[in-house]
file work_36.cif (mmCIF, C-alpha atoms and all ligand atoms)
data_run
loop_
_atom_site.label_atom_id
_atom_site.label_comp_id
_atom_site.auth_asym_id
_atom_site.auth_seq_id
_atom_site.Cartn_x
_atom_site.Cartn_y
_atom_site.Cartn_z
CA MET A 1095 157.20 -46.60 -14.48
CA SER A 1096 154.30 -45.58 -12.27
CA SER A 1097 151.33 -47.92 -12.13
CA ASP A 1098 147.84 -46.49 -12.63
CA LYS A 1099 146.18 -49.10 -10.45
CA PRO A 1100 143.86 -47.74 -7.74
CA VAL A 1101 144.99 -47.53 -4.10
CA ARG A 1102 143.16 -50.37 -2.33
CA LYS A 1103 145.47 -51.34 0.51
CA ALA A 1104 146.93 -49.41 3.43
CA VAL A 1105 149.86 -50.20 5.72
CA PHE A 1106 149.89 -49.21 9.40
CA PRO A 1107 153.31 -49.62 11.07
CA VAL A 1108 152.37 -50.31 14.71
CA ALA A 1109 155.45 -52.08 16.04
CA GLY A 1110 156.95 -49.08 17.91
CA LEU A 1111 157.64 -49.52 21.62
CA GLY A 1112 156.16 -46.22 22.80
CA THR A 1113 158.89 -45.59 25.38
CA ARG A 1114 157.95 -41.89 25.56
CA PHE A 1115 154.66 -42.90 27.18
CA LEU A 1116 155.96 -45.27 29.86
CA PRO A 1117 154.56 -46.40 32.24
CA ALA A 1118 151.24 -46.10 30.30
CA THR A 1119 152.65 -48.22 27.48
CA LYS A 1120 154.20 -50.97 29.60
CA ALA A 1121 151.32 -53.37 28.89
CA VAL A 1122 149.17 -51.30 26.51
CA PRO A 1123 150.44 -50.51 22.99
CA LYS A 1124 150.79 -46.76 22.40
CA GLU A 1125 148.40 -47.07 19.44
CA MET A 1126 145.68 -48.18 21.89
CA LEU A 1127 145.89 -45.07 24.09
CA THR A 1128 142.55 -43.32 23.80
CA VAL A 1129 141.74 -39.95 22.31
CA VAL A 1130 138.30 -39.16 23.82
CA ASP A 1131 136.74 -42.63 23.55
CA ARG A 1132 138.56 -44.47 20.79
CA PRO A 1133 142.13 -45.66 20.44
CA VAL A 1134 144.49 -43.55 18.36
CA ILE A 1135 144.83 -46.35 15.78
CA GLN A 1136 141.05 -46.28 15.19
CA TYR A 1137 141.23 -42.67 13.91
CA VAL A 1138 143.88 -43.66 11.40
CA VAL A 1139 142.05 -46.78 10.22
CA ASP A 1140 138.84 -44.73 9.86
CA GLU A 1141 140.73 -42.18 7.75
CA ALA A 1142 141.91 -44.98 5.48
CA ARG A 1143 138.43 -46.47 5.17
CA GLU A 1144 136.96 -43.06 4.30
CA ALA A 1145 139.55 -42.75 1.55
CA GLY A 1146 138.28 -45.99 -0.02
CA ILE A 1147 140.86 -48.42 1.39
CA GLU A 1148 139.62 -52.02 1.33
CA HIS A 1149 142.46 -53.92 2.97
CA PHE A 1150 144.21 -52.94 6.21
CA VAL A 1151 147.74 -54.25 6.76
CA PHE A 1152 149.15 -53.92 10.27
CA VAL A 1153 152.88 -54.36 10.81
CA THR A 1154 152.94 -55.28 14.49
CA GLY A 1155 155.41 -56.56 17.05
CA ARG A 1156 155.46 -58.38 20.37
CA ASN A 1157 152.88 -57.14 22.94
CA LYS A 1158 150.59 -55.78 20.21
CA THR A 1159 147.99 -58.56 20.00
CA VAL A 1160 145.37 -56.28 21.58
CA ILE A 1161 145.39 -54.27 18.33
CA GLU A 1162 144.35 -57.42 16.45
CA ASP A 1163 141.62 -58.03 19.06
CA HIS A 1164 140.38 -54.46 18.70
CA PHE A 1165 139.72 -54.96 14.99
CA ASP A 1166 138.08 -58.37 15.46
CA LEU A 1167 134.46 -59.23 16.26
CA GLN A 1168 133.92 -59.57 20.03
CA VAL A 1169 131.23 -62.24 20.08
CA GLU A 1170 130.54 -62.17 23.85
CA LEU A 1171 130.36 -58.37 23.90
CA ASN A 1172 127.95 -58.35 20.97
CA ASP A 1173 125.74 -60.99 22.64
CA THR A 1174 125.60 -58.97 25.84
CA LEU A 1175 124.85 -55.73 24.00
CA GLU A 1176 122.11 -57.50 22.05
CA LYS A 1177 120.53 -58.88 25.22
CA ARG A 1178 120.50 -55.37 26.65
CA GLY A 1179 118.98 -53.89 23.49
CA LYS A 1180 122.03 -51.66 22.83
CA THR A 1181 121.53 -51.54 19.07
CA ASP A 1182 123.30 -48.18 18.58
CA GLU A 1183 126.45 -49.51 20.24
CA ILE A 1184 126.31 -52.71 18.14
CA ARG A 1185 125.92 -50.68 14.96
CA GLN A 1186 128.80 -48.40 15.91
CA LEU A 1187 131.14 -51.33 16.61
CA GLU A 1188 130.14 -53.00 13.33
CA SER A 1189 130.81 -49.86 11.29
CA LEU A 1190 134.36 -49.61 12.69
CA GLN A 1191 135.34 -53.21 12.06
CA PRO A 1192 137.07 -54.47 8.92
CA LYS A 1193 134.95 -57.06 7.10
CA PRO A 1194 136.14 -60.71 7.19
CA GLY A 1195 139.39 -61.01 5.26
CA GLN A 1196 139.98 -57.25 5.07
CA ALA A 1197 142.71 -57.09 7.72
CA SER A 1198 146.17 -58.66 7.70
CA PHE A 1199 148.79 -58.74 10.42
CA THR A 1200 152.50 -59.33 10.03
CA ARG A 1201 155.33 -58.80 12.48
CA GLN A 1202 158.40 -56.64 12.31
CA GLN A 1203 160.71 -58.87 14.30
CA ALA A 1204 163.36 -56.26 15.13
CA PRO A 1205 163.11 -52.47 15.52
CA LEU A 1206 165.20 -51.60 12.46
CA GLY A 1207 163.31 -48.47 11.41
CA LEU A 1208 160.25 -47.29 9.48
CA GLY A 1209 161.70 -48.39 6.12
CA HIS A 1210 162.12 -51.92 7.44
CA ALA A 1211 158.58 -51.95 8.88
CA VAL A 1212 157.14 -50.99 5.48
CA TRP A 1213 159.28 -53.63 3.76
CA CYS A 1214 157.74 -56.27 6.07
CA ALA A 1215 154.38 -55.66 4.31
CA ARG A 1216 155.73 -56.40 0.80
CA ASP A 1217 154.13 -59.82 0.25
CA ILE A 1218 150.72 -58.70 1.50
CA ILE A 1219 150.77 -55.59 -0.70
CA GLY A 1220 152.05 -57.34 -3.83
CA ASP A 1221 152.32 -55.43 -7.10
CA GLU A 1222 150.07 -52.41 -6.57
CA PRO A 1223 150.28 -48.90 -5.13
CA PHE A 1224 149.42 -48.61 -1.44
CA ALA A 1225 148.75 -46.03 1.23
CA LEU A 1226 150.93 -45.76 4.31
CA LEU A 1227 149.56 -44.08 7.44
CA LEU A 1228 151.75 -43.48 10.49
CA PRO A 1229 149.51 -44.05 13.49
CA ASP A 1230 151.09 -41.38 15.71
CA MET A 1231 149.65 -38.64 13.53
CA ILE A 1232 145.91 -37.94 13.64
CA MET A 1233 144.21 -35.12 11.80
CA GLN A 1234 141.19 -32.85 11.60
CA SER A 1235 140.06 -31.38 8.30
CA ALA A 1236 136.96 -31.12 6.10
CA ASP A 1237 138.30 -33.73 3.63
CA SER A 1238 140.68 -36.20 5.20
CA CYS A 1239 144.34 -36.00 4.24
CA LEU A 1240 144.38 -39.46 2.63
CA SER A 1241 141.11 -38.85 0.71
CA SER A 1242 142.62 -35.72 -0.85
CA MET A 1243 145.78 -37.65 -1.71
CA VAL A 1244 143.80 -40.49 -3.31
CA GLU A 1245 141.95 -37.89 -5.44
CA LEU A 1246 145.26 -36.33 -6.45
CA HIS A 1247 146.67 -39.79 -7.24
CA LYS A 1248 143.76 -40.50 -9.61
CA LYS A 1249 145.03 -37.58 -11.70
CA THR A 1250 148.80 -37.88 -11.30
CA GLY A 1251 149.52 -41.55 -10.58
CA GLY A 1252 152.99 -42.07 -9.14
CA ASN A 1253 153.99 -41.55 -5.54
CA ILE A 1254 152.67 -38.86 -3.20
CA VAL A 1255 153.80 -37.68 0.20
CA ALA A 1256 151.80 -35.23 2.34
CA VAL A 1257 153.62 -32.33 3.97
CA GLU A 1258 152.87 -29.47 6.34
CA GLU A 1259 154.75 -26.50 7.70
CA CYS A 1260 156.48 -26.89 11.03
CA ASP A 1261 158.34 -24.56 13.36
CA PRO A 1262 161.80 -24.15 11.71
CA ALA A 1263 163.34 -25.08 15.10
CA GLU A 1264 161.69 -28.54 14.86
CA THR A 1265 162.84 -29.64 11.39
CA HIS A 1266 165.49 -32.02 12.83
CA LYS A 1267 162.66 -34.20 14.21
CA TYR A 1268 161.07 -35.01 10.83
CA GLY A 1269 161.53 -35.92 7.20
CA ILE A 1270 161.79 -32.61 5.29
CA ILE A 1271 161.19 -31.92 1.60
CA ASP A 1272 162.30 -29.21 -0.81
CA ARG A 1273 159.30 -28.04 -2.84
CA GLY A 1274 159.46 -27.80 -6.64
CA GLU A 1275 156.94 -26.63 -9.23
CA ASP A 1276 153.17 -26.96 -8.77
CA VAL A 1277 151.22 -29.77 -10.48
CA GLY A 1278 147.45 -29.28 -9.97
CA ASN A 1279 146.79 -29.58 -6.23
CA GLY A 1280 150.25 -30.98 -5.68
CA PHE A 1281 153.85 -30.14 -6.52
CA HIS A 1282 157.09 -31.73 -7.61
CA ILE A 1283 159.67 -32.58 -4.99
CA ASN A 1284 163.26 -31.44 -5.51
CA ASP A 1285 164.77 -33.13 -2.50
CA MET A 1286 163.96 -35.10 0.68
CA VAL A 1287 166.04 -35.54 3.80
CA GLU A 1288 165.33 -37.45 7.00
CA LYS A 1289 165.92 -35.52 10.22
CA PRO A 1290 168.36 -32.92 8.86
CA PRO A 1291 170.80 -31.60 11.50
CA GLN A 1292 169.71 -28.20 12.79
CA GLY A 1293 170.59 -25.37 10.43
CA THR A 1294 170.79 -27.62 7.33
CA SER A 1295 167.09 -28.12 6.51
CA PRO A 1296 166.08 -27.26 2.93
CA SER A 1297 162.67 -25.94 4.15
CA ASN A 1298 160.19 -26.25 7.00
CA LEU A 1299 157.85 -28.56 5.05
CA TYR A 1300 157.78 -31.79 7.02
CA ILE A 1301 156.45 -35.21 6.00
CA ASN A 1302 153.32 -35.61 8.12
CA GLY A 1303 152.85 -39.39 8.03
CA ARG A 1304 150.59 -39.97 5.01
CA TYR A 1305 151.99 -41.53 1.84
CA ILE A 1306 150.89 -43.19 -1.40
CA LEU A 1307 153.71 -45.37 -2.67
CA GLN A 1308 154.34 -47.61 -5.65
CA PRO A 1309 155.42 -51.21 -4.95
CA GLU A 1310 158.88 -50.52 -6.44
CA ILE A 1311 159.74 -49.01 -3.03
CA PHE A 1312 160.08 -52.58 -1.65
CA LYS A 1313 162.99 -53.46 -3.96
CA LEU A 1314 164.79 -50.30 -2.84
CA LEU A 1315 164.13 -50.99 0.84
CA GLU A 1316 165.54 -54.50 0.47
CA ASN A 1317 169.10 -53.22 0.05
CA GLN A 1318 168.71 -49.94 1.88
CA ARG A 1319 171.62 -48.89 4.08
CA THR A 1320 170.88 -47.46 7.52
CA GLY A 1321 170.43 -43.69 7.65
CA ALA A 1322 169.52 -41.13 10.32
CA GLY A 1323 169.52 -42.63 13.84
CA GLY A 1324 171.12 -45.87 12.54
CA GLU A 1325 167.72 -46.99 11.18
CA ILE A 1326 166.52 -48.10 7.74
CA GLN A 1327 164.78 -44.89 6.70
CA LEU A 1328 161.81 -44.78 4.36
CA THR A 1329 162.71 -41.23 3.31
CA ASP A 1330 166.08 -42.43 1.94
CA ALA A 1331 164.33 -45.08 -0.19
CA MET A 1332 161.75 -42.53 -1.39
CA LEU A 1333 164.53 -40.22 -2.51
CA ARG A 1334 166.00 -43.05 -4.59
CA LEU A 1335 162.55 -43.92 -5.98
CA ALA A 1336 162.00 -40.27 -7.00
CA LYS A 1337 164.96 -40.66 -9.40
CA THR A 1338 163.05 -43.17 -11.55
CA GLU A 1339 159.36 -42.49 -10.85
CA ASP A 1340 157.00 -39.54 -10.52
CA PHE A 1341 156.99 -38.25 -6.96
CA PHE A 1342 154.64 -35.52 -5.83
CA GLY A 1343 154.03 -33.55 -2.67
CA PHE A 1344 150.60 -32.65 -1.29
CA HIS A 1345 150.32 -29.70 1.11
CA PHE A 1346 147.78 -30.74 3.75
CA GLN A 1347 145.80 -27.77 5.09
CA GLY A 1348 144.11 -29.25 8.20
CA ARG A 1349 145.21 -29.68 11.83
CA THR A 1350 147.61 -32.50 12.71
CA PHE A 1351 148.28 -33.84 16.19
CA ASP A 1352 151.50 -35.74 16.86
CA CYS A 1353 150.26 -38.29 19.39
CA GLY A 1354 153.83 -39.56 19.70
CA SER A 1355 154.43 -36.58 22.02
CA LYS A 1356 152.56 -36.02 25.29
CA GLU A 1357 151.65 -32.45 24.39
CA GLY A 1358 150.32 -33.51 20.97
CA PHE A 1359 148.35 -36.36 22.54
CA ILE A 1360 146.71 -34.06 25.10
CA ALA A 1361 145.97 -31.44 22.42
CA ALA A 1362 144.35 -34.20 20.32
CA ASN A 1363 142.09 -35.19 23.22
CA VAL A 1364 140.95 -31.60 23.71
CA ALA A 1365 140.52 -30.90 19.98
CA PHE A 1366 138.56 -34.09 19.25
CA ALA A 1367 136.33 -33.54 22.29
CA LEU A 1368 135.62 -30.02 21.02
CA TRP A 1369 134.68 -31.55 17.66
CA ARG A 1370 132.01 -33.76 19.25
CA PRO A 1371 128.53 -32.20 19.25
CA ASP A 1372 127.60 -34.26 22.34
CA MET A 1373 130.58 -32.99 24.37
CA ALA A 1374 131.77 -29.68 22.95
CA ASP A 1375 129.89 -27.27 25.25
CA ASN A 1376 130.72 -29.04 28.50
CA VAL A 1377 134.37 -29.58 27.58
CA ARG A 1378 134.74 -25.94 26.54
CA SER A 1379 133.40 -24.70 29.87
CA GLU A 1380 135.63 -27.14 31.81
CA ILE A 1381 138.67 -25.86 29.92
CA GLU A 1382 137.72 -22.25 30.53
CA LYS A 1383 137.37 -22.98 34.25
CA LEU A 1384 140.75 -24.70 34.34
CA MET A 1385 142.44 -21.89 32.43
CA ALA A 1386 141.15 -19.40 34.99
CA GLU A 1387 141.87 -21.50 38.09
CA VAL A 1388 144.94 -23.66 37.54
CA LYS A 1389 148.20 -21.82 38.05
CA PRO A 1390 151.24 -22.90 36.04
CA PHE A 1391 153.04 -25.17 38.49
CA GLU A 1392 156.46 -24.84 36.90
CA ARG A 1393 156.45 -21.08 36.96
CA ARG A 1394 155.57 -21.00 40.66
CA SER A 1395 158.39 -23.34 41.62
CA THR A 1396 160.89 -21.37 39.47
CA GLU A 1397 159.77 -18.14 41.11
CA ARG A 1398 160.27 -19.71 44.51
CA ARG A 1399 163.73 -20.86 43.57
CA GLY A 1400 164.63 -17.40 42.25
C1 LIG B 1 158.75 -40.70 10.72
C2 LIG B 1 159.33 -40.41 9.34
C3 LIG B 1 159.48 -38.91 9.13
C4 LIG B 1 158.16 -38.20 9.35
C5 LIG B 1 157.62 -38.57 10.74
C6 LIG B 1 156.22 -38.01 10.94
O1 LIG B 1 159.69 -40.35 11.69
O2 LIG B 1 160.56 -41.08 9.22
O3 LIG B 1 159.95 -38.66 7.82
O4 LIG B 1 158.32 -36.81 9.24
O5 LIG B 1 157.55 -39.98 10.92
O6 LIG B 1 155.78 -38.30 12.23
P1 LIG B 1 159.57 -40.88 13.23
O7 LIG B 1 158.49 -40.06 13.87
O8 LIG B 1 159.24 -42.32 13.14
O9 LIG B 1 160.91 -40.61 13.84
#
call {"tool": "encode", "arguments": {"input": "work_36.cif", "output": "structure tokens", "more": "lines below"}}
Ligand code: G1P
result
Amino acid sequence: MSSDKPVRKAVFPVAGLGTRFLPATKAVPKEMLTVVDRPVIQYVVDEAREAGIEHFVFVTGRNKTVIEDHFDLQVELNDTLEKRGKTDEIRQLESLQPKPGQASFTRQQAPLGLGHAVWCARDIIGDEPFALLLPDMIMQSADSCLSSMVELHKKTGGNIVAVEECDPAETHKYGIIDRGEDVGNGFHINDMVEKPPQGTSPSNLYINGRYILQPEIFKLLENQRTGAGGEIQLTDAMLRLAKTEDFFGFHFQGRTFDCGSKEGFIAANVAFALWRPDMADNVRSEIEKLMAEVKPFERRSTERRG
């Protein structure tokens, strides 16, 4: 049975190694790479806070302590800013920081997959529904993705997963759902499959990294067999949960940037700079200049070879 309790806690799985961004991620966690002037993880935590989340649960790993520092009070920095009269900066830092006792950190000791990372948060979450936000994905929209899902959850209860359309050639990279009948702003889910081999995907609606899940998922994850890529997959556990509990989809209509890929990360930097009133004009003119001046390097070298 679905619980009607409100969604108060959010899980952020931040244990991933970030090998796609080496050497940048040799000493710096990929979640701390900056988009404009704040780390990627800050966007995701802010989205959760805006959606009414009160407790932030980070599933970390080795070499990730800087994430914990980022969300802590920096006493020396605050003292220095105060001495210099930088009240705006102090206020900004304060508004981004979880209040005392609002953040928890636990470690995923081995890289066994997203399902295993979520399972590591079970004791901190306890017996209530929770949000799950994958930190690689950051979004732009009028109402944030998680806020809209929390609103939907107030009406439907149960479990909700957000989806978006992707290029049909990319479906093997994601969790994919098969859409059923509409329910208010959401819809029923007929099927879910993690990283379907090319040509077998039931649709091009991919799971975009925002979830509201009931605590019963933990029991299922406990005895979950490995799935795609030899990892314990959350999607496989969700499919099993959907057999006994309400499970809805929510079609997110904003822009999503996959900061787990270099192209997505660069696009996010440009898009978020263009969203900033203090930067938009200058950034736009820099981009226009670059577009006119910089020749595509690859094409030139191919032409030379040909
Ligand atoms: C994970 C999920 C997948 C989802 C994706 C979104 O995959 O398992 O269902 O579509 O995140 O980014 P990963 O990117 O960890 O391979």
call {"tool": "atom_distance", "arguments": {"input": "work_36.cif", "atom1": "atom CA of Asn1172 of chain A", "atom2": "atom CA of Gln1186 of chain A"}}
result
11.2 Å
call {"tool": "closest_atom_pairs", "arguments": {"input": "work_36.cif", "of": "chain A", "to": "ligand LIG 1 (chain B)", "cutoff": "6 Å", "atoms": "only C-alpha atoms and all ligand atoms", "output": "CSV"}}
result
residue,atom,partner,partner_atom,distance
A:Tyr1268,CA,B:LIG1,O4,3.7
A:Gly1269,CA,B:LIG1,O3,3.2
A:Glu1288,CA,B:LIG1,O3,5.6
A:Tyr1300,CA,B:LIG1,O4,5.5
A:Ile1301,CA,B:LIG1,O4,4.1
A:Asn1302,CA,B:LIG1,C6,4.7
A:Gly1303,CA,B:LIG1,C6,4.7
A:Thr1329,CA,B:LIG1,O3,5.9
call {"tool": "closest_residue", "arguments": {"input": "work_36.cif", "among": "A:Ala1256, A:Leu1226, A:Val1388, A:Cys1353", "to": "Trp1213 of chain A", "atoms": "all atoms listed in the file"}}
result
A:Leu1226
call {"tool": "residues_around", "arguments": {"input": "work_36.cif", "residues": "Met1233 of chain A", "least_positions_apart": "5", "cutoff": "8 Å", "atoms": "all atoms listed in the file", "output": "PyMOL selection string"}}
result
chain A and resi 1238-1239+1348-1351
call {"tool": "residues_around", "arguments": {"input": "work_36.cif", "residues": "segment 1357-1361 of chain A", "least_positions_apart": "4", "cutoff": "10 Å", "atoms": "all atoms listed in the file", "output": "PyMOL selection string"}}
result
chain A and resi 1127-1130+1134+1230-1232+1350-1353+1365-1367
call {"tool": "write_last_selection", "arguments": {"input": "work_36.cif", "atoms": "C-alpha atoms", "output": "compact mmCIF listing (two decimals), in the frame of the given file"}}
result
# COMPACT_ATOMS: atom_id res chain seq x y z
CA LEU A 1127 145.89 -45.07 24.09
CA THR A 1128 142.55 -43.32 23.80
CA VAL A 1129 141.74 -39.95 22.31
CA VAL A 1130 138.30 -39.16 23.82
CA VAL A 1134 144.49 -43.55 18.36
CA ASP A 1230 151.09 -41.38 15.71
CA MET A 1231 149.65 -38.64 13.53
CA ILE A 1232 145.91 -37.94 13.64
CA THR A 1350 147.61 -32.50 12.71
CA PHE A 1351 148.28 -33.84 16.19
CA ASP A 1352 151.50 -35.74 16.86
CA CYS A 1353 150.26 -38.29 19.39
CA ALA A 1365 140.52 -30.90 19.98
CA PHE A 1366 138.56 -34.09 19.25
CA ALA A 1367 136.33 -33.54 22.29
call {"tool": "residues_around", "arguments": {"input": "work_36.cif", "residues": "Glu1170 of chain A", "least_positions_apart": "6", "cutoff": "12 Å", "atoms": "all atoms listed in the file", "output": "PyMOL selection string"}}
result
chain A and resi 1176-1177+1184
call {"tool": "closest_residue", "arguments": {"input": "work_36.cif", "among": "A:Arg1304, A:Lys1180, A:Lys1337, A:Lys1389", "to": "Ser1241 of chain A", "atoms": "all atoms listed in the file"}}
result
A:Arg1304
call {"tool": "closest_residue", "arguments": {"input": "work_36.cif", "among": "A:Arg1370, A:His1266, A:His1164, A:Lys1099", "to": "Pro1291 of chain A", "atoms": "only C-alpha atoms"}}
result
A:His1266
call {"tool": "closest_residue", "arguments": {"input": "work_36.cif", "among": "A:Tyr1137, A:Phe1115, A:Phe1342, A:Phe1152", "to": "Val1277 of chain A", "atoms": "all atoms listed in the file"}}
result
A:Phe1342
call {"tool": "closest_residue", "arguments": {"input": "work_36.cif", "among": "A:Gln1202, A:Leu1368, A:Ala1225, A:Val1139", "to": "Glu1380 of chain A", "atoms": "all atoms listed in the file"}}
result
A:Leu1368
call {"tool": "residues_near_point", "arguments": {"input": "work_36.cif", "point": "(148.8, -60.2, -0.6)", "cutoff": "10 Å", "atoms": "all atoms listed in the file", "output": "number ranges by chain"}}
result
A: 1103, 1149, 1151, 1198, 1215-1222
call {"tool": "closest_residue", "arguments": {"input": "work_36.cif", "among": "A:Ile1283, A:Leu1328, A:Ala1142, A:Ala1374", "to": "Leu1227 of chain A", "atoms": "only C-alpha atoms"}}
result
A:Ala1142
call {"tool": "atom_distance", "arguments": {"input": "work_36.cif", "atom1": "atom CA of Asp1375 of chain A", "atom2": "atom CA of Gln1347 of chain A"}}
result
25.7 Å
call {"tool": "atom_distance", "arguments": {"input": "work_36.cif", "atom1": "atom CA of Ala1109 of chain A", "atom2": "atom CA of Leu1314 of chain A"}}
result
21.1 Å
call {"tool": "residues_around", "arguments": {"input": "work_36.cif", "residues": "Leu1187 of chain A", "least_positions_apart": "4", "cutoff": "12 Å", "atoms": "only C-alpha atoms", "output": "PyMOL selection string"}}
result
chain A and resi 1132+1136+1164-1169+1171-1172+1175+1180-1183+1191-1193
